[in-house]
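Asker: If you scroll down you'll find the structure; I have some questions about it.
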Amino acid sequence: MNLPSSGRRVLVSGASRGLGRAMAQAFAANGDRVAVHFGSRTDDARATLDSLTGTGHVLVGGDLTDPMGAAAVMDMATEGLDGLDVLVNNAAVNIRHPLPETPYEEWVAVWQQHVAVNLLATANLSHLGARLMIKQGTGGRIVNIGSRGAFRGEPEHPAYGATKAAVHSLGQSLAVSLAPHGIAVASVAPGFFTTERVAPRLEGPEGNAIREQSPFGRVGSTEEIAAAVLWLASPSAEWSSGTILDLNGASYLRS
């Protein structure tokens with residue numbers, strides 16, 4: 001398989017802001033062409049698109065919780081890019097729902113939303129993207145965004161932790177089945193990192209406690225996560241297929 005190190009066709013789901021934006025920017029800076037996916041944040045997604053270096057990038061909107069919507073997103077992305085070499089499954093929801101204080105009806109709805117976005121959308125895009133890569137015959141890369149919470153537990157966000165653990169498992173299953181086609185699949189498991197969404201928590205009373213989770217005394221950055229994803233999507237990372245890469249500043253250690 002002859003996967004190039006740049007000039008690749010890359011779809012990043014959930015790329016309107018935060019980590020998705022940082023990853024889109026990292027791939028663009030590497031000389032790749034990027035399909036920037038968004039769900040509802042059109043203006044943010046356009047800002048991401050406008051921030052990318054190089055040319056040939058495309059904007060792709062669509063609801064990934066609908067299987068047909070996911071198929072439409074893949075169709076638009078691959079039409080705009082004329083194929084696909086790298087898929088980054090980043091789209092996710094993370095809604096607070098601690099069991100002792102969450103009513104049953106809300107609990108059920110939150111779990112369904114997490115499964116639909118975090119797990120099923122990842123599985124569906126992976127199927128669509130991998131089948132296209134197989135048809136192209138040039139190999140490819142799939143990188144899933146998991147979470148430290150899949151290992152240490154998320155008492156206030158249990159559906160998030162559970163679905164991210166499932167994403168890790170999915171990635172390892174696909175790594176085995178897709179290797180004969182030259183497609184490497186890996187996941188990253190970030191700890192706490194700064195984004196627009198969590199900025200109020202870092203600036204509030206719990207900010208110091210969050211930073212002190214790591215012996216470095218800080219949280220991660222989207223750029224650090226994006227750099228790791230860029231490497232996992234590279235030709236030299238093929239032998240890392242199946243890995244779950246911890247990116248948490250030694251805030252949670254496992255062996």
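Simple scheme: letters A, B, ... for chains in structure tokens order, numbers from 1 for residues in each chain, numbers from 1 for ligands in the order shown.
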With 10 Å as the cut-off and only C-alpha atoms counted, what is the closest atom pair between each nearby residue of region 188-219 of chain A and region 144-150 of chain A? Distances in Å to one decimal, ordered by chain and number, as CSV.
Answerer:
residue,atom,partner,partner_atom,distance
A:Val188,CA,A:Ile145,CA,5.3
A:Ala189,CA,A:Ser147,CA,3.9
A:Pro190,CA,A:Ser147,CA,5.0
A:Gly191,CA,A:Arg148,CA,5.1
A:Phe192,CA,A:Arg148,CA,8.2
Asker: Ala35 (chain A): which residues within 9 Å, counting only C-alpha atoms, same-chain residues fewer than 3 positions away excluded, as a PyMOL selection string?
Answerer: chain A and resi 9-13+15+24+49+56-60+76-78+80-81
Asker: Keeping all heavy atoms for every residue in the selection just given, could you write it to a file as a CSV table (one decimal), in the first residue's frame?
Answerer:
chain,number,residue,atom,x,y,z
A,9,ARG,N,-6.4,12.9,1.6
A,9,ARG,CA,-7.8,13.4,1.7
A,9,ARG,C,-8.3,12.9,3.0
A,9,ARG,O,-8.3,11.7,3.3
A,9,ARG,CB,-8.6,12.7,0.5
A,9,ARG,CG,-8.0,13.2,-0.8
A,9,ARG,CD,-8.4,12.2,-1.9
A,9,ARG,NE,-7.8,10.9,-1.7
A,9,ARG,CZ,-7.9,9.9,-2.6
A,9,ARG,NH1,-8.6,10.0,-3.7
A,9,ARG,NH2,-7.3,8.7,-2.4
A,10,VAL,N,-8.7,13.9,3.9
A,10,VAL,CA,-8.9,13.7,5.3
A,10,VAL,C,-10.3,14.2,5.7
A,10,VAL,O,-10.7,15.3,5.4
A,10,VAL,CB,-7.9,14.4,6.2
A,10,VAL,CG1,-8.1,14.1,7.7
A,10,VAL,CG2,-6.5,14.0,5.8
A,11,LEU,N,-11.1,13.3,6.3
A,11,LEU,CA,-12.4,13.8,6.9
A,11,LEU,C,-12.2,13.8,8.4
A,11,LEU,O,-11.9,12.8,9.0
A,11,LEU,CB,-13.5,12.8,6.5
A,11,LEU,CG,-14.8,12.9,7.2
A,11,LEU,CD1,-15.4,14.3,7.1
A,11,LEU,CD2,-15.8,11.9,6.8
A,12,VAL,N,-12.5,15.0,9.0
A,12,VAL,CA,-12.5,15.1,10.5
A,12,VAL,C,-14.0,15.4,10.9
A,12,VAL,O,-14.5,16.4,10.5
A,12,VAL,CB,-11.6,16.2,10.9
A,12,VAL,CG1,-11.6,16.4,12.5
A,12,VAL,CG2,-10.2,16.0,10.4
A,13,SER,N,-14.6,14.5,11.6
A,13,SER,CA,-15.9,14.7,12.1
A,13,SER,C,-15.9,15.6,13.3
A,13,SER,O,-15.0,15.6,14.1
A,13,SER,CB,-16.7,13.4,12.4
A,13,SER,OG,-16.1,12.8,13.6
A,15,ALA,N,-15.7,19.0,13.5
A,15,ALA,CA,-14.5,19.9,13.3
A,15,ALA,C,-14.8,21.4,13.4
A,15,ALA,O,-14.0,22.2,13.0
A,15,ALA,CB,-13.8,19.6,12.0
A,24,ALA,N,-8.0,19.6,12.2
A,24,ALA,CA,-8.1,20.0,10.8
A,24,ALA,C,-7.0,20.9,10.4
A,24,ALA,O,-6.4,20.8,9.3
A,24,ALA,CB,-9.5,20.7,10.6
A,49,LEU,N,-12.8,26.3,8.5
A,49,LEU,CA,-12.4,26.2,7.1
A,49,LEU,C,-11.6,27.4,6.7
A,49,LEU,O,-10.5,27.2,6.0
A,49,LEU,CB,-13.7,26.2,6.2
A,49,LEU,CG,-13.4,25.9,4.7
A,49,LEU,CD1,-13.0,24.4,4.5
A,49,LEU,CD2,-14.7,26.1,3.9
A,56,GLY,N,-8.3,23.4,-1.5
A,56,GLY,CA,-8.9,22.1,-1.7
A,56,GLY,C,-9.7,21.6,-0.5
A,56,GLY,O,-10.2,20.4,-0.6
A,57,HIS,N,-9.9,22.4,0.5
A,57,HIS,CA,-10.6,21.9,1.7
A,57,HIS,C,-12.1,22.1,1.4
A,57,HIS,O,-12.5,23.0,0.6
A,57,HIS,CB,-10.2,22.7,2.9
A,57,HIS,CG,-8.7,22.8,3.1
A,57,HIS,ND1,-8.0,21.7,3.3
A,57,HIS,CD2,-7.9,23.8,3.1
A,57,HIS,CE1,-6.7,22.0,3.4
A,57,HIS,NE2,-6.6,23.3,3.3
A,58,VAL,N,-13.0,21.3,2.1
A,58,VAL,CA,-14.4,21.4,1.9
A,58,VAL,C,-15.1,21.4,3.2
A,58,VAL,O,-14.6,20.9,4.2
A,58,VAL,CB,-14.9,20.3,1.0
A,58,VAL,CG1,-14.3,20.3,-0.4
A,58,VAL,CG2,-14.6,18.9,1.7
A,59,LEU,N,-16.3,22.0,3.2
A,59,LEU,CA,-17.2,22.1,4.4
A,59,LEU,C,-18.3,21.1,4.2
A,59,LEU,O,-19.0,21.1,3.2
A,59,LEU,CB,-17.7,23.5,4.5
A,59,LEU,CG,-18.4,23.9,5.9
A,59,LEU,CD1,-17.3,23.9,7.0
A,59,LEU,CD2,-19.0,25.3,5.8
A,60,VAL,N,-18.6,20.2,5.2
A,60,VAL,CA,-19.6,19.2,5.1
A,60,VAL,C,-20.5,19.2,6.3
A,60,VAL,O,-20.0,18.9,7.5
A,60,VAL,CB,-18.9,17.8,4.9
A,60,VAL,CG1,-20.0,16.7,4.8
A,60,VAL,CG2,-18.0,17.8,3.7
A,76,MET,N,-20.6,13.5,0.6
A,76,MET,CA,-20.2,14.9,0.3
A,76,MET,C,-18.7,15.1,0.5
A,76,MET,O,-18.1,15.8,-0.3
A,76,MET,CB,-21.0,15.8,1.2
A,76,MET,CG,-22.5,16.0,0.8
A,76,MET,SD,-23.3,17.2,1.8
A,76,MET,CE,-23.5,16.4,3.4
A,77,ALA,N,-18.2,14.5,1.6
A,77,ALA,CA,-16.8,14.6,1.8
A,77,ALA,C,-15.9,14.0,0.7
A,77,ALA,O,-15.0,14.6,0.2
A,77,ALA,CB,-16.4,14.0,3.2
A,78,THR,N,-16.3,12.8,0.3
A,78,THR,CA,-15.4,12.1,-0.6
A,78,THR,C,-15.6,12.6,-2.0
A,78,THR,O,-14.7,12.6,-2.9
A,78,THR,CB,-15.7,10.6,-0.6
A,78,THR,OG1,-17.2,10.4,-0.8
A,78,THR,CG2,-15.3,10.0,0.7
A,80,GLY,N,-16.1,15.9,-2.5
A,80,GLY,CA,-15.4,17.1,-2.5
A,80,GLY,C,-13.9,16.9,-2.5
A,80,GLY,O,-13.1,17.7,-3.1
A,81,LEU,N,-13.4,15.8,-1.9
A,81,LEU,CA,-12.0,15.5,-1.8
A,81,LEU,C,-11.6,14.5,-2.9
A,81,LEU,O,-10.4,14.3,-3.1
A,81,LEU,CB,-11.7,14.9,-0.5
A,81,LEU,CG,-11.9,15.7,0.8
A,81,LEU,CD1,-11.7,14.9,2.0
A,81,LEU,CD2,-11.1,17.0,0.8
Asker: Out of region 11-94 of chain A, which residues get strand (DSSP E or B) from DSSP, as a list in words?
Answerer: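 Of region 11-94 of chain A, only Leu11, Val12, Arg33, Val34, Ala35, Val36, His37, Phe38, Val58, Leu59, Val60, Gly61, Val86, Leu87, Val88 and Asn89 of chain A fall in strand (DSSP E or B).
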Asker: Quick check, in Å to one decimal: how far apart do CA of His97 (chain A) and CA of Gln112 (chain A) lie?
Answerer: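 Separating CA of His97 (chain A) from CA of Gln112 (chain A) is a distance of 12.4 Å.
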Asker: Produce a table with one row for each residue of region 77-127 of chain A that has an atom at most 12 Å from any atom of region 227-238 of chain A, each row naming the nearest atom pair and its distance in Å at one decimal; use only C-alpha atoms; arrange rows by chain and rising residue number; format as a Markdown table.
Answerer:
| residue | atom | partner | partner_atom | distance |
| --- | --- | --- | --- | --- |
| A:Asp85 | CA | A:Ala233 | CA | 9.1 |
| A:Val86 | CA | A:Ala233 | CA | 6.7 |
| A:Leu87 | CA | A:Ala233 | CA | 8.6 |
| A:Val88 | CA | A:Val229 | CA | 8.3 |
| A:Asn89 | CA | A:Val229 | CA | 10.7 |
| A:Asn90 | CA | A:Val229 | CA | 10.7 |
Asker: Any chance you can output those residues with all heavy atoms as an mmCIF file, in the first residue's frame?
Answerer:
data_model
loop_
_atom_site.group_PDB
_atom_site.id
_atom_site.type_symbol
_atom_site.label_atom_id
_atom_site.label_comp_id
_atom_site.auth_asym_id
_atom_site.auth_seq_id
_atom_site.Cartn_x
_atom_site.Cartn_y
_atom_site.Cartn_z
ATOM 1 N N ASP A 85 -8.452 9.134 2.347
ATOM 2 C CA ASP A 85 -7.283 8.417 2.840
ATOM 3 C C ASP A 85 -7.252 8.307 4.360
ATOM 4 O O ASP A 85 -6.713 7.347 4.908
ATOM 5 C CB ASP A 85 -5.997 9.121 2.385
ATOM 6 C CG ASP A 85 -5.893 9.221 0.882
ATOM 7 O OD1 ASP A 85 -5.893 8.161 0.224
ATOM 8 O OD2 ASP A 85 -5.849 10.349 0.355
ATOM 9 N N VAL A 86 -7.821 9.307 5.044
ATOM 10 C CA VAL A 86 -7.770 9.358 6.505
ATOM 11 C C VAL A 86 -9.144 9.759 7.036
ATOM 12 O O VAL A 86 -9.733 10.740 6.569
ATOM 13 C CB VAL A 86 -6.717 10.360 7.010
ATOM 14 C CG1 VAL A 86 -6.727 10.431 8.542
ATOM 15 C CG2 VAL A 86 -5.332 9.997 6.498
ATOM 16 N N LEU A 87 -9.627 9.010 8.020
ATOM 17 C CA LEU A 87 -10.859 9.356 8.726
ATOM 18 C C LEU A 87 -10.521 9.568 10.189
ATOM 19 O O LEU A 87 -9.914 8.698 10.826
ATOM 20 C CB LEU A 87 -11.892 8.234 8.587
ATOM 21 C CG LEU A 87 -13.120 8.317 9.504
ATOM 22 C CD1 LEU A 87 -13.948 9.559 9.201
ATOM 23 C CD2 LEU A 87 -13.961 7.043 9.405
ATOM 24 N N VAL A 88 -10.928 10.711 10.728
ATOM 25 C CA VAL A 88 -10.765 10.987 12.153
ATOM 26 C C VAL A 88 -12.156 11.103 12.768
ATOM 27 O O VAL A 88 -12.905 12.031 12.453
ATOM 28 C CB VAL A 88 -9.959 12.272 12.405
ATOM 29 C CG1 VAL A 88 -9.803 12.504 13.911
ATOM 30 C CG2 VAL A 88 -8.593 12.198 11.734
ATOM 31 N N ASN A 89 -12.499 10.155 13.636
ATOM 32 C CA ASN A 89 -13.801 10.147 14.299
ATOM 33 C C ASN A 89 -13.711 10.944 15.598
ATOM 34 O O ASN A 89 -13.262 10.432 16.628
ATOM 35 C CB ASN A 89 -14.232 8.703 14.585
ATOM 36 C CG ASN A 89 -14.685 7.979 13.348
ATOM 37 O OD1 ASN A 89 -15.572 8.437 12.646
ATOM 38 N ND2 ASN A 89 -14.072 6.837 13.063
ATOM 39 N N ASN A 90 -14.138 12.197 15.510
ATOM 40 C CA ASN A 90 -14.016 13.108 16.637
ATOM 41 C C ASN A 90 -15.369 13.547 17.200
ATOM 42 O O ASN A 90 -15.454 13.915 18.367
ATOM 43 C CB ASN A 90 -13.210 14.345 16.208
ATOM 44 C CG ASN A 90 -13.173 15.411 17.284
ATOM 45 O OD1 ASN A 90 -12.601 15.203 18.353
ATOM 46 N ND2 ASN A 90 -13.786 16.556 17.020
#
Asker: So which residues touch His127 (chain A) within 12 Å, counting only C-alpha atoms, skipping near sequence neighbours fewer than 5 positions away, as a ChimeraX atom specification?
Answerer: /A:67,70-71,74,87,89,120-122,132-134,142,170-171,174,177-178
Asker: Can you list, as a PDB file with N, CA and C atoms, in the first residue's frame, every protein, DNA or RNA residue that comes within 10 Å of Asn2 (chain A) when you count only C-alpha atoms, leaving out same-chain residues fewer than 2 positions away?
Answerer:
ATOM      1  N   PRO A   4       0.448   8.165   1.087  1.00  0.00           N
ATOM      2  CA  PRO A   4       1.400   9.275   1.102  1.00  0.00           C
ATOM      3  C   PRO A   4       1.482   9.934   2.472  1.00  0.00           C
ATOM      4  N   SER A   5       2.545  10.657   2.705  1.00  0.00           N
ATOM      5  CA  SER A   5       2.719  11.349   3.992  1.00  0.00           C
ATOM      6  C   SER A   5       2.068  12.717   4.004  1.00  0.00           C
ATOM      7  N   GLY A 137      -8.011   0.718  -2.900  1.00  0.00           N
ATOM      8  CA  GLY A 137      -6.853  -0.166  -2.928  1.00  0.00           C
ATOM      9  C   GLY A 137      -5.554   0.482  -2.544  1.00  0.00           C
ATOM     10  N   THR A 138      -5.615   1.616  -1.868  1.00  0.00           N
ATOM     11  CA  THR A 138      -4.392   2.339  -1.514  1.00  0.00           C
ATOM     12  C   THR A 138      -4.151   2.397  -0.018  1.00  0.00           C
ATOM     13  N   GLY A 139      -4.930   1.631   0.774  1.00  0.00           N
ATOM     14  CA  GLY A 139      -4.767   1.668   2.219  1.00  0.00           C
ATOM     15  C   GLY A 139      -5.367   2.923   2.806  1.00  0.00           C
ATOM     16  N   GLY A 140      -5.096   3.141   4.090  1.00  0.00           N
ATOM     17  CA  GLY A 140      -5.637   4.328   4.737  1.00  0.00           C
ATOM     18  C   GLY A 140      -5.443   4.279   6.231  1.00  0.00           C
ATOM     19  N   GLY A 182      -4.405  -2.877   4.308  1.00  0.00           N
ATOM     20  CA  GLY A 182      -3.485  -1.754   4.455  1.00  0.00           C
ATOM     21  C   GLY A 182      -4.074  -0.584   5.213  1.00  0.00           C
ATOM     22  N   PRO A 235       2.104   7.373   7.414  1.00  0.00           N
ATOM     23  CA  PRO A 235       2.568   6.059   6.931  1.00  0.00           C
ATOM     24  C   PRO A 235       3.441   5.334   7.942  1.00  0.00           C
TER      25      PRO A 235
END
Asker: Within 12 Å of Gly207 (chain A), counting only C-alpha atoms, which residues qualify if same-chain residues fewer than 4 places away don't, as a ChimeraX atom specification?
Answerer: /A:192-194,198-203,211-213,217-219
Asker: Those same residues, written as a compact mmCIF listing (two decimals), in the first residue's frame with N, CA and C atoms?
Answerer:
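As a result, out_10.txt now contains:
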# COMPACT_ATOMS: atom_id res chain seq x y z
N PHE A 192 -7.88 15.56 30.48
CA PHE A 192 -8.50 16.88 30.40
C PHE A 192 -7.63 17.79 29.53
N PHE A 193 -8.25 18.43 28.55
CA PHE A 193 -7.53 19.43 27.75
C PHE A 193 -8.44 20.63 27.53
N THR A 194 -7.83 21.75 27.26
CA THR A 194 -8.58 23.00 27.21
C THR A 194 -9.27 23.20 25.87
N VAL A 198 -14.84 23.85 27.93
CA VAL A 198 -14.46 23.61 29.32
C VAL A 198 -13.75 24.80 29.93
N ALA A 199 -13.56 25.88 29.18
CA ALA A 199 -12.86 27.06 29.71
C ALA A 199 -13.48 27.57 31.02
N PRO A 200 -14.82 27.64 31.14
CA PRO A 200 -15.39 28.12 32.41
C PRO A 200 -15.01 27.25 33.61
N ARG A 201 -14.88 25.95 33.42
CA ARG A 201 -14.48 25.08 34.52
C ARG A 201 -13.04 25.34 34.94
N LEU A 202 -12.17 25.58 33.96
CA LEU A 202 -10.77 25.84 34.28
C LEU A 202 -10.59 27.20 34.95
N GLU A 203 -11.46 28.14 34.62
CA GLU A 203 -11.37 29.47 35.20
C GLU A 203 -12.11 29.58 36.52
N ARG A 211 -6.20 21.01 37.12
CA ARG A 211 -4.81 21.10 36.68
C ARG A 211 -3.90 20.20 37.52
N GLU A 212 -4.23 20.04 38.79
CA GLU A 212 -3.40 19.23 39.67
C GLU A 212 -3.58 17.73 39.45
N GLN A 213 -4.52 17.34 38.58
CA GLN A 213 -4.62 15.92 38.24
C GLN A 213 -3.34 15.41 37.59
N GLY A 217 1.05 19.87 36.43
CA GLY A 217 0.34 21.02 36.97
C GLY A 217 -0.43 21.81 35.93
N ARG A 218 -0.84 21.15 34.87
CA ARG A 218 -1.60 21.82 33.83
C ARG A 218 -2.49 20.82 33.12
N VAL A 219 -3.32 21.31 32.22
CA VAL A 219 -4.10 20.42 31.36
C VAL A 219 -3.46 20.41 29.98
Asker: Excluding same-chain residues fewer than 5 positions from Gly18 (chain A), what lies within 8 Å of it counting only C-alpha atoms, as a PyMOL selection string?
Answerer: chain A and resi 195-197+222
Asker: Write the residues of the preceding selection, restricted to all heavy atoms, as a tab-separated table (two decimals), in the first residue's frame.
Answerer:
chain	number	residue	atom	x	y	z
A	195	THR	N	-10.55	23.56	25.93
A	195	THR	CA	-11.34	23.95	24.76
A	195	THR	C	-12.28	25.07	25.20
A	195	THR	O	-12.38	25.40	26.38
A	195	THR	CB	-12.19	22.78	24.22
A	195	THR	OG1	-13.14	22.39	25.23
A	195	THR	CG2	-11.33	21.60	23.84
A	196	GLU	N	-12.98	25.63	24.22
A	196	GLU	CA	-13.96	26.67	24.55
A	196	GLU	C	-15.01	26.15	25.52
A	196	GLU	O	-15.46	26.86	26.43
A	196	GLU	CB	-14.66	27.18	23.29
A	196	GLU	CG	-13.73	27.74	22.23
A	196	GLU	CD	-13.34	26.71	21.19
A	196	GLU	OE1	-13.15	25.53	21.55
A	196	GLU	OE2	-13.22	27.08	20.00
A	197	ARG	N	-15.38	24.88	25.36
A	197	ARG	CA	-16.47	24.32	26.17
A	197	ARG	C	-16.09	24.19	27.64
A	197	ARG	O	-16.94	24.39	28.52
A	197	ARG	CB	-16.86	22.94	25.60
A	197	ARG	CG	-18.00	22.27	26.32
A	197	ARG	CD	-18.36	20.95	25.66
A	197	ARG	NE	-17.24	20.03	25.61
A	197	ARG	CZ	-16.86	19.26	26.64
A	197	ARG	NH1	-17.52	19.32	27.78
A	197	ARG	NH2	-15.85	18.44	26.52
A	222	THR	N	-5.23	21.34	22.74
A	222	THR	CA	-5.75	20.69	21.53
A	222	THR	C	-4.62	20.44	20.54
A	222	THR	O	-4.65	19.44	19.81
A	222	THR	CB	-6.84	21.54	20.88
A	222	THR	OG1	-6.33	22.87	20.62
A	222	THR	CG2	-8.07	21.65	21.77
